[in-house]
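Have a look at run04.tsv below; it lists TSV, C-alpha atoms.
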```tsv
chain	number	residue	atom	x	y	z
V	1402	MET	CA	12.62	-101.17	-160.73
V	1403	GLU	CA	11.16	-101.89	-164.17
V	1404	ILE	CA	9.51	-99.08	-166.15
V	1405	GLY	CA	5.70	-98.93	-165.89
V	1406	LYS	CA	3.12	-99.33	-163.16
V	1407	VAL	CA	4.52	-100.87	-160.00
V	1408	PRO	CA	3.44	-104.56	-159.95
V	1409	GLU	CA	0.54	-105.69	-157.76
V	1410	ASN	CA	2.74	-107.84	-155.50
V	1411	VAL	CA	5.01	-104.85	-154.80
V	1412	LEU	CA	2.00	-102.63	-154.12
V	1413	LYS	CA	0.56	-105.17	-151.68
V	1414	ARG	CA	3.74	-105.65	-149.63
V	1415	SER	CA	5.25	-102.15	-149.86
V	1416	VAL	CA	2.19	-99.88	-150.03
V	1417	PHE	CA	-1.18	-101.33	-149.03
V	1418	LYS	CA	0.22	-103.41	-146.17
V	1419	LYS	CA	1.31	-100.17	-144.50
V	1420	LEU	CA	-2.07	-98.41	-144.69
V	1421	THR	CA	-3.57	-98.74	-141.21
V	1422	VAL	CA	-5.74	-95.62	-140.72
V	1423	LYS	CA	-9.41	-96.05	-141.70
V	1424	ARG	CA	-11.59	-92.94	-141.34
V	1425	PRO	CA	-15.39	-93.19	-140.88
V	1426	GLU	CA	-15.94	-90.56	-143.61
V	1427	VAL	CA	-14.37	-92.88	-146.23
V	1428	VAL	CA	-16.78	-95.25	-147.98
V	1429	VAL	CA	-14.37	-96.76	-150.54
V	1430	HIS	CA	-10.80	-97.24	-149.33
V	1431	ALA	CA	-7.51	-97.65	-151.23
V	1432	GLY	CA	-7.05	-101.05	-152.86
V	1433	VAL	CA	-5.84	-102.89	-155.94
V	1434	GLY	CA	-7.90	-101.83	-158.94
V	1435	GLU	CA	-9.74	-99.02	-157.13
V	1436	ASP	CA	-9.49	-95.90	-159.29
V	1437	CYS	CA	-11.36	-93.61	-156.89
V	1438	ALA	CA	-11.84	-93.08	-153.19
V	1439	VAL	CA	-15.32	-92.16	-151.97
V	1440	LEU	CA	-16.01	-89.87	-149.00
V	1441	ALA	CA	-19.31	-88.96	-147.34
V	1442	PRO	CA	-18.64	-86.17	-144.79
V	1443	THR	CA	-22.26	-85.36	-143.89
V	1444	GLY	CA	-22.97	-81.66	-143.40
V	1445	ASP	CA	-19.38	-80.44	-143.73
V	1446	ALA	CA	-17.60	-78.53	-146.46
V	1447	LEU	CA	-14.74	-80.30	-148.22
V	1448	VAL	CA	-11.35	-78.58	-148.41
V	1449	LEU	CA	-8.93	-79.75	-151.12
V	1450	SER	CA	-5.25	-79.00	-151.70
V	1451	THR	CA	-2.57	-80.46	-153.94
V	1452	ASP	CA	1.22	-80.03	-154.13
V	1453	PRO	CA	4.25	-81.81	-155.62
V	1454	ILE	CA	7.69	-82.09	-154.03
V	1455	THR	CA	10.36	-81.35	-156.64
V	1456	GLY	CA	13.19	-79.52	-154.86
V	1457	THR	CA	14.73	-82.52	-153.10
V	1458	ALA	CA	14.63	-86.31	-152.93
V	1459	LYS	CA	15.74	-86.53	-149.28
V	1460	ASP	CA	12.92	-87.23	-146.77
V	1461	ILE	CA	10.50	-86.68	-149.63
V	1462	GLY	CA	7.68	-88.65	-148.03
V	1463	LYS	CA	7.74	-86.50	-144.89
V	1464	LEU	CA	7.93	-83.27	-146.86
V	1465	ALA	CA	5.06	-84.33	-149.13
V	1466	PHE	CA	2.84	-85.14	-146.15
V	1467	HIS	CA	3.61	-81.92	-144.28
V	1468	ILE	CA	3.17	-79.50	-147.16
V	1469	THR	CA	-0.36	-80.73	-147.86
V	1470	ALA	CA	-1.32	-81.16	-144.20
V	1471	ASN	CA	-0.19	-77.57	-143.63
V	1472	ASP	CA	-2.30	-76.27	-146.50
V	1473	ILE	CA	-5.39	-77.92	-145.04
V	1474	ALA	CA	-4.54	-76.68	-141.54
V	1475	SER	CA	-4.28	-73.12	-142.88
V	1476	SER	CA	-7.97	-73.26	-143.78
V	1477	GLY	CA	-8.87	-74.28	-140.22
V	1478	ALA	CA	-10.06	-77.68	-141.47
V	1479	GLU	CA	-9.41	-81.18	-140.15
V	1480	LEU	CA	-7.36	-83.29	-142.56
V	1481	VAL	CA	-9.23	-86.49	-143.40
V	1482	GLY	CA	-7.20	-88.16	-146.14
V	1483	MET	CA	-4.52	-87.94	-148.80
V	1484	MET	CA	-3.94	-89.36	-152.26
V	1485	LEU	CA	-0.32	-90.00	-153.30
V	1486	THR	CA	1.21	-90.07	-156.76
V	1487	ILE	CA	4.77	-91.42	-156.67
V	1488	ILE	CA	6.91	-91.53	-159.82
V	1489	PHE	CA	10.39	-93.08	-159.65
V	1490	PRO	CA	13.27	-93.04	-162.14
V	1491	PRO	CA	14.23	-96.57	-163.30
V	1492	GLU	CA	17.35	-96.77	-161.08
V	1493	ASN	CA	15.30	-96.54	-157.87
V	1494	THR	CA	14.64	-99.64	-155.77
V	1495	GLU	CA	11.67	-101.06	-153.93
V	1496	GLU	CA	13.43	-100.18	-150.67
V	1497	GLU	CA	13.04	-96.49	-151.52
V	1498	LEU	CA	9.32	-97.01	-152.06
V	1499	LYS	CA	9.11	-98.75	-148.68
V	1500	GLN	CA	10.90	-95.84	-147.00
V	1501	ILE	CA	8.55	-93.26	-148.50
V	1502	MET	CA	5.52	-95.27	-147.41
V	1503	LYS	CA	7.00	-95.77	-143.93
V	1504	ASP	CA	7.52	-92.02	-143.52
V	1505	VAL	CA	4.07	-91.12	-144.88
V	1506	THR	CA	2.13	-93.76	-142.94
V	1507	GLU	CA	3.86	-92.95	-139.64
V	1508	LEU	CA	2.73	-89.34	-140.01
V	1509	ALA	CA	-0.71	-90.46	-141.19
V	1510	ALA	CA	-1.11	-92.52	-138.02
V	1511	GLU	CA	0.12	-89.61	-135.86
V	1512	TYR	CA	-2.45	-87.21	-137.35
V	1513	ASN	CA	-5.23	-89.78	-137.95
V	1514	VAL	CA	-5.19	-89.32	-141.72
V	1515	GLU	CA	-6.25	-92.04	-144.15
V	1516	ILE	CA	-4.22	-92.66	-147.31
V	1517	LEU	CA	-7.09	-92.82	-149.79
V	1518	GLY	CA	-5.21	-94.11	-152.83
V	1519	GLY	CA	-3.06	-92.79	-155.63
V	1520	HIS	CA	-0.68	-94.05	-158.29
V	1521	THR	CA	2.84	-95.51	-158.24
V	1522	GLU	CA	4.95	-95.74	-161.39
V	1523	VAL	CA	8.50	-96.05	-162.70
V	1524	SER	CA	9.22	-93.71	-165.61
V	1525	PRO	CA	12.28	-92.58	-167.60
V	1526	ALA	CA	10.60	-89.16	-167.81
V	1527	VAL	CA	11.92	-88.22	-164.34
V	1528	ASN	CA	15.52	-88.07	-163.10
V	1529	GLN	CA	14.62	-88.07	-159.39
V	1530	THR	CA	11.70	-89.24	-157.33
V	1531	LEU	CA	8.54	-87.11	-157.67
V	1532	VAL	CA	5.78	-87.23	-155.05
V	1533	SER	CA	2.54	-85.32	-155.52
V	1534	VAL	CA	-0.08	-85.25	-152.76
V	1535	THR	CA	-3.73	-84.24	-152.79
V	1536	GLY	CA	-5.26	-83.66	-149.36
V	1537	VAL	CA	-8.92	-83.70	-148.37
V	1538	GLY	CA	-10.16	-81.93	-145.25
V	1539	ARG	CA	-13.51	-81.21	-143.64
V	1540	ILE	CA	-14.87	-78.18	-141.82
V	1541	ALA	CA	-18.21	-76.67	-140.87
V	1542	PRO	CA	-19.03	-74.16	-143.65
V	1543	GLY	CA	-19.20	-71.16	-141.31
V	1544	GLU	CA	-15.78	-71.83	-139.75
V	1545	MET	CA	-13.66	-71.66	-142.91
V	1546	VAL	CA	-10.53	-69.47	-142.81
V	1547	THR	CA	-8.86	-68.13	-145.97
V	1548	THR	CA	-5.69	-66.28	-146.89
V	1549	SER	CA	-7.86	-63.36	-148.02
V	1550	GLY	CA	-9.49	-62.56	-144.67
V	1551	LEU	CA	-6.90	-60.11	-143.30
V	1552	LYS	CA	-8.34	-56.71	-142.26
V	1553	PRO	CA	-6.64	-53.33	-141.63
V	1554	GLY	CA	-5.51	-52.93	-138.04
V	1555	GLN	CA	-5.11	-56.64	-137.38
V	1556	ASP	CA	-1.93	-58.15	-135.96
V	1557	LEU	CA	0.35	-60.39	-138.00
V	1558	VAL	CA	1.74	-63.39	-136.12
V	1559	VAL	CA	4.43	-65.80	-137.34
V	1560	THR	CA	4.69	-69.19	-135.64
V	1561	LYS	CA	7.92	-71.04	-134.87
V	1562	TRP	CA	10.74	-69.74	-137.14
V	1563	ILE	CA	11.08	-68.94	-140.83
V	1564	GLY	CA	13.34	-70.97	-143.12
V	1565	LEU	CA	13.04	-74.29	-141.28
V	1566	GLU	CA	12.24	-76.34	-144.37
V	1567	GLY	CA	14.86	-74.77	-146.63
V	1568	THR	CA	17.49	-75.02	-143.91
V	1569	SER	CA	16.79	-78.72	-143.30
V	1570	ILE	CA	16.86	-79.49	-147.05
V	1571	LEU	CA	20.17	-77.69	-147.54
V	1572	ALA	CA	21.68	-79.41	-144.50
V	1573	ALA	CA	20.74	-82.78	-146.01
V	1574	GLU	CA	21.53	-82.12	-149.67
V	1575	LYS	CA	24.62	-79.91	-149.22
V	1576	GLU	CA	26.08	-81.47	-146.09
V	1577	LYS	CA	29.67	-81.69	-147.36
V	1578	GLU	CA	29.75	-78.05	-148.43
V	1579	LEU	CA	28.33	-76.92	-145.12
V	1580	LEU	CA	30.68	-79.06	-143.03
V	1581	ALA	CA	33.62	-77.41	-144.77
V	1582	LYS	CA	32.55	-74.04	-143.33
V	1583	LEU	CA	30.33	-74.70	-140.31
V	1584	PRO	CA	30.56	-76.82	-137.13
V	1585	ALA	CA	29.15	-80.34	-137.44
V	1586	GLU	CA	26.82	-79.75	-134.50
V	1587	LEU	CA	25.25	-76.74	-136.24
V	1588	VAL	CA	24.72	-78.70	-139.47
V	1589	GLU	CA	23.14	-81.59	-137.56
V	1590	THR	CA	20.81	-79.20	-135.73
V	1591	ALA	CA	19.86	-77.59	-139.06
V	1592	ARG	CA	19.03	-80.96	-140.59
V	1593	ALA	CA	16.85	-81.79	-137.58
V	1594	PHE	CA	14.63	-78.81	-138.44
V	1595	GLY	CA	12.84	-81.32	-140.67
V	1596	LYS	CA	11.06	-82.50	-137.52
V	1597	LEU	CA	9.45	-79.07	-137.04
V	1598	LEU	CA	7.61	-78.72	-140.34
V	1599	SER	CA	4.03	-79.31	-139.24
V	1600	VAL	CA	1.77	-76.31	-138.59
V	1601	VAL	CA	-1.25	-78.48	-137.77
V	1602	PRO	CA	-0.87	-77.77	-134.01
V	1603	ASP	CA	-0.26	-74.07	-134.75
V	1604	GLY	CA	-3.52	-73.88	-136.68
V	1605	ARG	CA	-5.49	-75.61	-133.93
V	1606	VAL	CA	-4.30	-73.09	-131.34
V	1607	ALA	CA	-5.05	-70.19	-133.67
V	1608	MET	CA	-8.59	-71.41	-134.34
V	1609	GLU	CA	-9.26	-71.53	-130.59
V	1610	ILE	CA	-8.15	-67.90	-130.14
V	1611	GLY	CA	-9.86	-66.55	-133.26
V	1612	VAL	CA	-8.28	-65.59	-136.58
V	1613	SER	CA	-9.26	-63.88	-139.83
V	1614	ALA	CA	-6.57	-65.25	-142.14
V	1615	MET	CA	-3.96	-68.03	-142.13
V	1616	HIS	CA	-1.28	-68.95	-144.66
V	1617	ASP	CA	1.48	-71.54	-144.41
V	1618	VAL	CA	4.85	-70.09	-145.36
V	1619	THR	CA	6.18	-72.16	-148.28
V	1620	GLU	CA	7.85	-71.20	-151.59
V	1621	GLY	CA	8.97	-67.60	-151.64
V	1622	GLY	CA	9.53	-67.61	-147.88
V	1623	ILE	CA	8.03	-65.15	-145.42
V	1624	PHE	CA	8.31	-62.24	-147.88
V	1625	GLY	CA	6.28	-64.25	-150.39
V	1626	ALA	CA	3.68	-65.24	-147.78
V	1627	LEU	CA	3.28	-61.64	-146.58
V	1628	TRP	CA	2.79	-60.40	-150.13
V	1629	GLU	CA	0.29	-63.16	-150.96
V	1630	MET	CA	-1.84	-62.56	-147.85
V	1631	ALA	CA	-1.85	-58.80	-148.38
V	1632	ALA	CA	-2.63	-59.10	-152.11
V	1633	ALA	CA	-5.40	-61.64	-151.50
V	1634	SER	CA	-6.93	-59.43	-148.78
V	1635	GLY	CA	-6.48	-56.09	-150.57
V	1636	VAL	CA	-4.61	-54.48	-147.65
V	1637	GLY	CA	-1.22	-52.96	-146.89
V	1638	LEU	CA	1.34	-54.11	-144.33
V	1639	GLU	CA	3.88	-52.74	-141.91
V	1640	VAL	CA	6.27	-55.46	-140.77
V	1641	ASP	CA	9.32	-55.15	-138.52
V	1642	LEU	CA	12.07	-57.30	-140.01
V	1643	ARG	CA	13.79	-57.66	-136.65
V	1644	LYS	CA	10.67	-59.21	-135.10
V	1645	ILE	CA	10.41	-62.01	-137.67
V	1646	PRO	CA	11.56	-65.15	-135.80
V	1647	ILE	CA	14.58	-66.87	-137.35
V	1648	ARG	CA	17.07	-69.40	-136.00
V	1649	GLN	CA	20.80	-68.66	-136.01
V	1650	GLU	CA	21.39	-71.94	-137.85
V	1651	THR	CA	19.26	-70.68	-140.74
V	1652	ILE	CA	21.20	-67.42	-140.90
V	1653	GLU	CA	24.55	-69.22	-141.05
V	1654	VAL	CA	23.43	-71.80	-143.63
V	1655	CYS	CA	22.06	-69.03	-145.84
V	1656	GLU	CA	25.30	-67.05	-145.52
V	1657	VAL	CA	27.25	-70.03	-146.88
V	1658	PHE	CA	25.16	-70.01	-150.07
V	1659	ASP	CA	24.69	-66.23	-150.20
V	1660	ILE	CA	20.89	-66.48	-150.20
V	1661	ASN	CA	18.17	-64.45	-148.49
V	1662	PRO	CA	16.55	-66.41	-145.59
V	1663	TYR	CA	13.40	-64.28	-145.84
V	1664	MET	CA	12.84	-65.67	-149.35
V	1665	LEU	CA	13.58	-69.31	-148.42
V	1666	ILE	CA	10.90	-72.02	-148.40
V	1667	SER	CA	9.58	-72.11	-144.84
V	1668	SER	CA	7.13	-74.93	-144.11
V	1669	GLY	CA	6.87	-75.11	-140.33
V	1670	ALA	CA	6.01	-71.42	-140.02
V	1671	MET	CA	2.45	-70.12	-140.28
V	1672	LEU	CA	1.44	-66.52	-140.99
V	1673	ILE	CA	-1.72	-65.53	-139.11
V	1674	GLY	CA	-3.93	-62.43	-139.16
V	1675	THR	CA	-5.82	-61.84	-135.92
V	1676	ASP	CA	-7.30	-59.20	-133.64
V	1677	HIS	CA	-5.60	-60.91	-130.71
V	1678	GLY	CA	-1.90	-61.08	-131.53
V	1679	SER	CA	-0.48	-61.04	-128.01
V	1680	GLN	CA	-3.13	-63.45	-126.76
V	1681	LEU	CA	-2.33	-65.84	-129.61
V	1682	VAL	CA	1.42	-65.71	-128.90
V	1683	GLU	CA	0.73	-66.56	-125.24
V	1684	ALA	CA	-1.57	-69.45	-126.23
V	1685	LEU	CA	1.08	-70.77	-128.63
V	1686	LYS	CA	3.67	-70.56	-125.85
V	1687	ARG	CA	1.45	-72.63	-123.54
V	1688	ALA	CA	1.23	-75.23	-126.31
V	1689	GLY	CA	5.03	-75.30	-126.63
V	1690	ILE	CA	5.07	-73.38	-129.93
V	1691	HIS	CA	7.18	-70.27	-130.45
V	1692	GLY	CA	5.42	-67.28	-132.00
V	1693	ALA	CA	5.82	-63.53	-132.45
V	1694	VAL	CA	3.77	-60.51	-133.51
V	1695	VAL	CA	5.75	-59.13	-136.46
V	1696	GLY	CA	3.55	-56.26	-137.68
V	1697	ARG	CA	0.04	-55.27	-138.66
V	1698	ALA	CA	-2.23	-54.85	-141.63
V	1699	THR	CA	-2.92	-51.32	-142.89
V	1700	LYS	CA	-5.34	-49.56	-145.22
V	1701	GLY	CA	-4.21	-49.06	-148.79
V	1702	ASN	CA	-1.70	-51.07	-150.79
V	1703	ASP	CA	1.66	-50.06	-149.29
V	1704	ARG	CA	3.46	-53.19	-148.08
V	1705	VAL	CA	6.41	-51.97	-146.04
V	1706	ILE	CA	9.28	-53.82	-144.38
V	1707	ILE	CA	10.90	-51.83	-141.56
V	1708	ASN	CA	14.49	-52.49	-140.46
V	1709	GLY	CA	15.51	-49.89	-137.89
V	1710	GLU	CA	15.45	-46.53	-139.69
V	1711	GLU	CA	15.16	-48.17	-143.10
V	1712	ARG	CA	11.76	-48.60	-144.76
V	1713	ARG	CA	11.41	-50.43	-148.04
V	1714	PHE	CA	8.53	-51.76	-150.07
V	1715	LEU	CA	7.87	-55.47	-150.27
V	1716	GLU	CA	8.02	-56.92	-153.77
V	1717	PRO	CA	5.95	-59.72	-155.36
V	1718	PRO	CA	7.33	-63.25	-154.78
V	1719	LYS	CA	10.30	-64.38	-156.85
V	1720	THR	CA	11.90	-67.79	-157.41
V	1721	ASP	CA	12.57	-69.42	-154.07
V	1722	GLU	CA	16.14	-69.09	-152.83
V	1723	LEU	CA	16.36	-72.86	-152.33
V	1724	PHE	CA	16.53	-73.42	-156.08
V	1725	ARG	CA	19.38	-70.93	-156.39
V	1726	ALA	CA	21.31	-72.69	-153.64
V	1727	MET	CA	20.74	-76.13	-155.12
V	1728	THR	CA	22.10	-75.29	-158.60
```

Taking this structure as input, can you express it in the form of structure tokens?
Amino acid sequence: MEIGKVPENVLKRSVFKKLTVKRPEVVVHAGVGEDCAVLAPTGDALVLSTDPITGTAKDIGKLAFHITANDIASSGAELVGMMLTIIFPPENTEEELKQIMKDVTELAAEYNVEILGGHTEVSPAVNQTLVSVTGVGRIAPGEMVTTSGLKPGQDLVVTKWIGLEGTSILAAEKEKELLAKLPAELVETARAFGKLLSVVPDGRVAMEIGVSAMHDVTEGGIFGALWEMAAASGVGLEVDLRKIPIRQETIEVCEVFDINPYMLISSGAMLIGTDHGSQLVEALKRAGIHGAVVGRATKGNDRVIINGEERRFLEPPKTDELFRAMT
């Protein structure tokens, strides 16, 4: 495509034509020449989150949707709408734009989310597609959940399995390297983890049971998420490494690249602080979602990972292992 703003005729047939969800809270919808969306969610608090996808170009529309939807879900809010900024390198085609919009709008329809607007451009400043998403959610002011609400004595629950996102990205981007060392069936299963990246249902179940803190597990992996929740809440932790749920496919993919799965980007898993850990795990199970109590919050600042007889202190988040594997 030519450098500059994507032409109006391309926007109409490849972007706006695909936008089917219209939310009642939205007063001004996405359209040619509209610089702003306008929302009027009477009586509710607005929850905002923004994130770019930079680590991969495969399935980038799906990843962009999920990472922002998960952020909003971690606050306990209902996701209302998203704004998309898509920047392509000049060698990209309109077909790639159509695919991104197809992936995003299918998920938007599934979760009843309106695409509020955004910006689409071709620029020589990027060497791969960049998608940045801003999400808008709504919640009653007294129901808001934060990362900083964890209290000493509460259970820590992890939903589904850690490393799903990083495993699926590596299976897509490094398929040839993996197939040289692992069975094709395992690699295909690992790539399919991309279908498990939403924690919106996890958050809904958690809100019904009652929680004090929620945090989606993204860059830095579960170790990063544990540190961030503890630091935000001013508490310590005791976590049993062997109780953290992880798929065998993730372990084997990480072994190929000699990376730590507990420090691998993990959208699809949610970290939850609650007084009702066992009850939450049972409720998740009834909803078809795997979950496990992995530890508890403690007084003080000691953040300890236990592995059998070994006890070691958790460290602040470092660069995600995905970036090391992708270089």

Exercise. Pick out the closest residue to V:Ser1613 from this set: V:Ala1631, V:Glu1656, V:Glu1578, V:Ser1549. Count only C-alpha atoms.
Key: V:Ser1549

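Counting only C-alpha atoms and comparing V:Thr1494, V:His1430, V:Ala1478, V:Asn1471, the residue that lies closest to V:Glu1403 is V:Thr1494.
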
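Nearest residue to V:Gln1649 among V:Ile1501, V:Met1671, V:Ala1684, V:Leu1587 is V:Leu1587, counting only C-alpha atoms.
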
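Near (15.8, -61.3, -148.4), the residues that fall inside 12 Å on the basis of only C-alpha atoms are Ile1563, Gly1564, Gly1621, Gly1622, Ile1623, Phe1624, Gly1625, Leu1642, Ile1652, Cys1655, Glu1656, Asp1659, Ile1660, Asn1661, Pro1662, Tyr1663, Met1664, Leu1665, Ile1666, Ile1706, Asn1708, Arg1713, Leu1715, Glu1716, Pro1718, Lys1719, Thr1720, Asp1721 and Glu1722 of chain V.
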
Exercise. Could you check which of V:Leu1580, V:Ala1726, V:Val1559, V:Leu1508 is closest to V:Leu1681, using all atoms listed in the file?
Key: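 For V:Leu1681, the nearest of the given residues is V:Val1559.
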
Practice problem: Fewer than 6 positions away in the same chain doesn't count, so skip those; otherwise give me all residues within 10 Å of V:Trp1562, counting only C-alpha atoms, as a list in words. | Solution: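 Near neighbours after the sequence-gap exclusion: Phe1594, Leu1597, Ile1623, Ile1645, Pro1646, Ile1647, Arg1648, Thr1651, Ser1667, Ser1668, Gly1669, Ala1670, Met1671, Ile1690, His1691, Gly1692 and Ala1693 of chain V.
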
Practice problem: Check the smallest atom-to-atom distance from each of V:Glu1492, V:Glu1515, V:Asp1641, V:Glu1522 to V:Val1558 using all atoms listed in the file, then report the winner. | Solution: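 Looking only at the distances to V:Val1558, the closest residue turns out to be V:Asp1641.
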
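Between atom CA of V:Gly1538 and atom CA of V:Ser1475 the separation is 10.9 Å.
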
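Using only C-alpha atoms, the smallest distance between any of V:Leu1440, V:Leu1551, V:Ala1458, V:Ala1541 and V:Ile1488 comes from V:Ala1458.
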
Quiz item: Neighbours of V:Arg1704 within 6 Å (all atoms listed in the file; same-chain residues fewer than 2 positions away dropped), as number ranges by chain?
Solution: V: 1637-1638, 1714-1715

Exercise. Would you list the contacts of V:Pro1490 as number ranges by chain, taking every protein, DNA or RNA residue within 9 Å and counting all atoms listed in the file, but skipping same-chain residues closer than 2 positions in sequence?
Key: V: 1402, 1404, 1488, 1492-1493, 1522-1531

Quiz prompt | Gap from atom CA of V:Leu1447 to atom CA of V:Val1481 - Å, one decimal | solution = 9.6 Å

Would you compute an axis-aligned box for stretch 1535-1546 of chain V, covering every atom listed for it in the file with 4 Å of margin on each side, and report centre and edge lengths in Å to one decimal as lines of an AutoDock Vina configuration file?
```
center_x = -11.5
center_y = -76.9
center_z = -146.3
size_x = 23.5
size_y = 22.8
size_z = 21.0
```

Self-check item: Non-local contacts of V:Gly1595 (7 Å; only C-alpha atoms; under 3 positions in same chain excluded) as a list in words
Solution: Glu1566, Ser1569, Arg1592 and Leu1598 of chain V

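Pairwise distance (atom CA of V:Gly1432, atom CA of V:Asp1460) equals 25.0 Å.
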
Within 12 Å of V:Gly1550, counting only C-alpha atoms, which residues qualify if same-chain residues fewer than 5 places away don't, as a PDB file with C-alpha atoms, in the coordinates of the input?
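Just written: around_19.pdb:
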```pdb
ATOM      1  CA  SER V1475      -4.280 -73.120-142.880  1.00  0.00           C
ATOM      2  CA  SER V1476      -7.970 -73.260-143.780  1.00  0.00           C
ATOM      3  CA  MET V1545     -13.660 -71.660-142.910  1.00  0.00           C
ATOM      4  CA  GLN V1555      -5.110 -56.640-137.380  1.00  0.00           C
ATOM      5  CA  VAL V1612      -8.280 -65.590-136.580  1.00  0.00           C
ATOM      6  CA  SER V1613      -9.260 -63.880-139.830  1.00  0.00           C
ATOM      7  CA  ALA V1614      -6.570 -65.250-142.140  1.00  0.00           C
ATOM      8  CA  MET V1615      -3.960 -68.030-142.130  1.00  0.00           C
ATOM      9  CA  HIS V1616      -1.280 -68.950-144.660  1.00  0.00           C
ATOM     10  CA  GLU V1629       0.290 -63.160-150.960  1.00  0.00           C
ATOM     11  CA  MET V1630      -1.840 -62.560-147.850  1.00  0.00           C
ATOM     12  CA  ALA V1631      -1.850 -58.800-148.380  1.00  0.00           C
ATOM     13  CA  ALA V1632      -2.630 -59.100-152.110  1.00  0.00           C
ATOM     14  CA  ALA V1633      -5.400 -61.640-151.500  1.00  0.00           C
ATOM     15  CA  SER V1634      -6.930 -59.430-148.780  1.00  0.00           C
ATOM     16  CA  GLY V1635      -6.480 -56.090-150.570  1.00  0.00           C
ATOM     17  CA  VAL V1636      -4.610 -54.480-147.650  1.00  0.00           C
ATOM     18  CA  ILE V1673      -1.720 -65.530-139.110  1.00  0.00           C
ATOM     19  CA  GLY V1674      -3.930 -62.430-139.160  1.00  0.00           C
ATOM     20  CA  THR V1675      -5.820 -61.840-135.920  1.00  0.00           C
ATOM     21  CA  ASP V1676      -7.300 -59.200-133.640  1.00  0.00           C
ATOM     22  CA  ALA V1698      -2.230 -54.850-141.630  1.00  0.00           C
TER      23      ALA V1698
END
```
